[in-house]
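Enquirer: I have a structure I would like to understand better, so I am pasting it below and will then ask my questions one at a time.
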Amino acid sequence: MIETQDLKMLEALEKKVLWLSSWMIHNANHLRPKSDGVKVGGHQASSASLATLMTALYFHVLRPQDRVAVKPHASPVFHAIQYLLGNQDRERLENFRGFGGAQSYPSRTKDVDDVDFSTGSVGLGVAITSFASLVQDYVRLKGWSQKAPEGRMVALVGDAELDEGNIYEALMEGWKHDLRNTWWVIDYNRQSLDAVAREGLYGQFDALFRSMGWEVVTIKYGHLLQAAFKEPGGEAIRDWIDGCPNQLYSALTFQGGAAWRKRLLDDLGDQGPVTALIEARSDDDLARLMTNLGGHDLPAILEAFASIDHDRPVCFIAYTVKGYGLPLAGHKDNHSGLMTPDQMEAYRSGLGVRAGQEWEPFEAMEPSQAEIERFLKAVPFNARGRRRYQAARVPLPAALPTPSGEVMSTQEGFGKILNEVAREDSPLAQRIVTTAPDVTVSTNLGAWVNRRGLFSRTPLGDTFRDEKVPSAQKWIMGPDGQHLELGIAEMNLFLLLSALGLSHSLFGERLLPIGTLYDPFIQRGLDALNYACYQDARFMLVATPSGITLAPEGGAHQSVSSPLIGLAQDGLASFEPAFVDELATIMAWSFDYMQRDGEGAPSGPWLRDEKGGSVYLRLSTRPLEQPKRAMSETLAEDIIKGAYWLRAPGPNCEVVIAYQGVVAAEAIAAAGLIAEDRRDVGVLAVTSADRLSAGWHAAERARQEGQHQARSHIEGLLAPIDRDAGLVTLLDGHPTTLSWLGGVRGHRVQALGVEHFGQTGTVQDLYGHHRIDTDAVVAAANAASAGRPIRYLRALP
């Protein structure tokens with residue numbers, strides 16, 4: 001049981017948190033100067049519904065090792081709590097939703113206060129807590145040094161947020177992996193952005209979570225209602241509340257005590273004890289009683305949290321009122337509503353907050369400042385200050401092995417590289433963890449898993465092996481395994497990669513995650529991929545096979561726009577190597593890049609490589625003849641910068657073929673045909689349009705800021721080429737990926753690529769149909785060339 005003086009302190013803090021969050025939003029919308037006249041917003045009602053629950057959690061229940069994903073629309077409450085705990089400053093609160101101020105939704109990378117998981121895209125912050133719990137188990141069961149005791153992963157969930165499908169995908173995956181140490185606290189205010197929620201959702205939530213192995217704890221009634229139920233006539237009040245439709249309850253809440261009285265007397269009639277119970281209370285007292293739901297009652301909340309004495313996942317369904325404690329309470333339009341200046345003035349006066357003292361943390365609080373400061377200093381959650389860990393870098397080899405073979409695909413090469421890494425128990429091999437959404441074998445992770453095993457909290461046998469049934473997959477499952485097998489849900493893949501890629505900060509142990517999937521299905525999990533990058537999670541995404549090159553599979557399994565995703569996605573360095581030695585070089589660099597966390601100025605090719613990030617590799621199943629060459633330091637550097645001359649242009653170059661990825665064979669063949677007439681043709685091997693583009697833009701910005709000597713890698717490569725020369729760009733993907741190269745020095749461009757859905761056929765069929773075959777390259781070179789037409793003799797079939 002909580003002591004009375006602590007309960008009184010929590011009640012005082014609850015009022016202060018609600019005030020600060022409401023004032024923060026009011027200041028942003030009504031007081032702070034606005035040059036554009038656009039509403040700032042901030043969700044006063046959605047914040048109010050969680051103020052009590054978050055007060056209980058942050059000031060009493062949570063421990064430093066616990067990690068929390070805050071409901072996006074409760075961001076102001078979070079910032080207010082962090083302000084009281086000393087982790088946020090007044091200047092940023094005053095600039096809430098302004099440039100450089102406290103963020104609209106909690107952000108790991110943009111807020112200064114102690115954010116565990118970024119939230120904003122609803123549903124994703126909820127689901128990542130289950131994957132973070134899985135990562136915590138992974139780290140602990142490896143026996144590595146532990147910097148913190150086992151914590152709970154907590155999500156504060158809006159009930160309307162449970163409409164998001166990715167939450168249910170995560171629930172199923174959690175059941176498969178025997179999820180532990182996860183709490184989801186549902187803010188059951190029965191209102192969404194547009195309307196009041198459908199009846200009966202509680203029963204659906206209850207049944208669903210129980211079916212997934214969760215304990216469900218319902219926090220429905222506060223202590224006032226619980227006491228009233230024990231009075232004569234109290235059971236009739238309980239029955240009326242239990243049967244009251246959501247819309248009616250919300251409307252009566254907004255209308256107040258007189259409306260409650262009339263409706264209750266009309267519905268329940270003259271029942272003696274019931275009427276006496278109602279009439280014994282003033283309108284204000286009756287309104288307070290009828291809205292005394294469990295989610296706004298500190299004793300009920302604390303009792304519910306304290307009742308959990310196990311590590312199984314728990315879903316708390318806390319009944320709340322949207323806008324509780326504010327004039328907006330209960331109204332169906334209150335989601336984006338704002339208190340008027342007059343309403344805010346009345347609220348301020350009612351609390352006793354003096355004009356001009358609105359931001360003072362201890363203003364109008366009944367305990368003394370010394371008592372409050374003493375209490376806050378002892379809050380368990382804040383006892384260690386900012387709860388982010390540092391982890392040492394994983395030592396890396398100077399280079400990764402390049403598989404031998406005259407003909408090979410990049411997907412095959414990827415599998416062989418990882419297989420060679422897995423042979424030795426190096427620090428790199430120990431810290432790699434792989435995952436895939438049911439495509440482990442078909443993305444060439446099978447050999448790695450054979451050597452490193454599947455992760456499971458408890459050892460599981462292989463019946464096929466025990467029964468001596470031959471199988472290429474010799475997968476041992478247990479705590480030592482290093483591959484996390486997922487069901488076929490790409491949202492889960494990216495959420496798991498996000499959690500794995502934050503392990504160094506959340507749990508103090510660095511992992512090097514690799515996730516594989518089919519390239520066209522990146523778009524199925526794109527929101528979660530963006531979310532992972534926004535959090536600055538670090539991982540390697542290997543997407544294979546890709547493009548229309550997966551010809552027999554047809555358009556449903558072919559990718560067109562994914563190179564543009566790699567080009568545009570912040571926090572993700574995108575590569576598309578054609579050859580396996582390029583791939584080995586890129587992977588070696590990537591393992592280092594994933595571990596960087598500097599904030600230095602741009603250097604080298606004018607990229608912010610000091611900061612690091614995640615990596616996306618777009619690979620193919622098409623075998624190509626491998627170049628016979630040694631990997632020099634200069635070549636390796638150029639591969640990482642994004643391009644190198646596969647065939648250097650001569651002094652009289654009239655055309656350059658710039659290709660990316662698996663269409664190298666077509667580019668090389670076309671250059672050979674063109675060379676019969678033009679010997680100086682250049683072939684530019686682009687390994688990363690993303691890196692080239694970023695470097696070009698960065699160099700231009702640097703020049704605008706006075707660094708006139710700045711020059712990007714692509715500018716250097718194209719500098720010797722006369723501006724009258726033509727440029728042909730080529731890839732198995734959208735042509736815009738490379739067409740911008742013509743803007744670097746003003747070359748005329750013929751951009752070849754794929755703009756429409758593919759179909760089944762052979763590679764030659766589809767390349768010809770989409771005009772990315774050798775003939776198309778030669779024709780484009782002819783059109784782009786400034787001089788006389790290029791003559792060539794097409795080879796007979």
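Just so we're on the same page: first chain in the structure tokens is A, next is B, and so on; residues restart at 1 for each chain, and ligands are numbered from 1 in the order they show up.
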Compile the contact shell of A:Ser632 as a VMD selection string: residues with an atom at most 12 Å away, counting only C-alpha atoms, same-chain residues fewer than 3 positions apart removed.
Expert: chain A and resid 399 581 to 582 585 629 635 to 639
Enquirer: I want to know what sits within 10 Å of A:Gln759, based on only C-alpha atoms, with residues of the same chain fewer than 6 positions away left out; could you give that as an MDAnalysis selection string?
Expert: chainID A and resid 548 550:558 765:766 769
Enquirer: Find the residues around A:Ala236 up to 12 Å (only C-alpha atoms counted), leave out those fewer than 5 positions away in its own chain, and share them as a PyMOL selection string.
Expert: chain A and resi 225+228-231+241-243+264-265+267-275+277-278
Enquirer: Report the residues of stretch 27-257 of chain A whose backbone DSSP state falls under helix (DSSP H, G or I), written as a ChimeraX atom specification.
Expert: /A:27-31,44-48,51-61,72-84,90-94,124-141,159-163,165-176,201-211,223-229,234-243,246-255,257
Enquirer: Find the residues near stretch 24-35 of chain A: any atom within 12 Å, counting only C-alpha atoms, skip ones fewer than 5 places away on the same chain, and give them as a PyMOL selection string.
Expert: chain A and resi 16-19+40-48+73-80+83+90-99+101-104+336-345+347-348+358-359
Enquirer: With only C-alpha atoms as the atoms that count, which of A:Tyr531, A:Phe507, A:Trp144, A:Tyr644 lies nearest to A:Asp480?
Expert: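 When distances to A:Asp480 are compared using only C-alpha atoms, the smallest one comes from A:Trp144.
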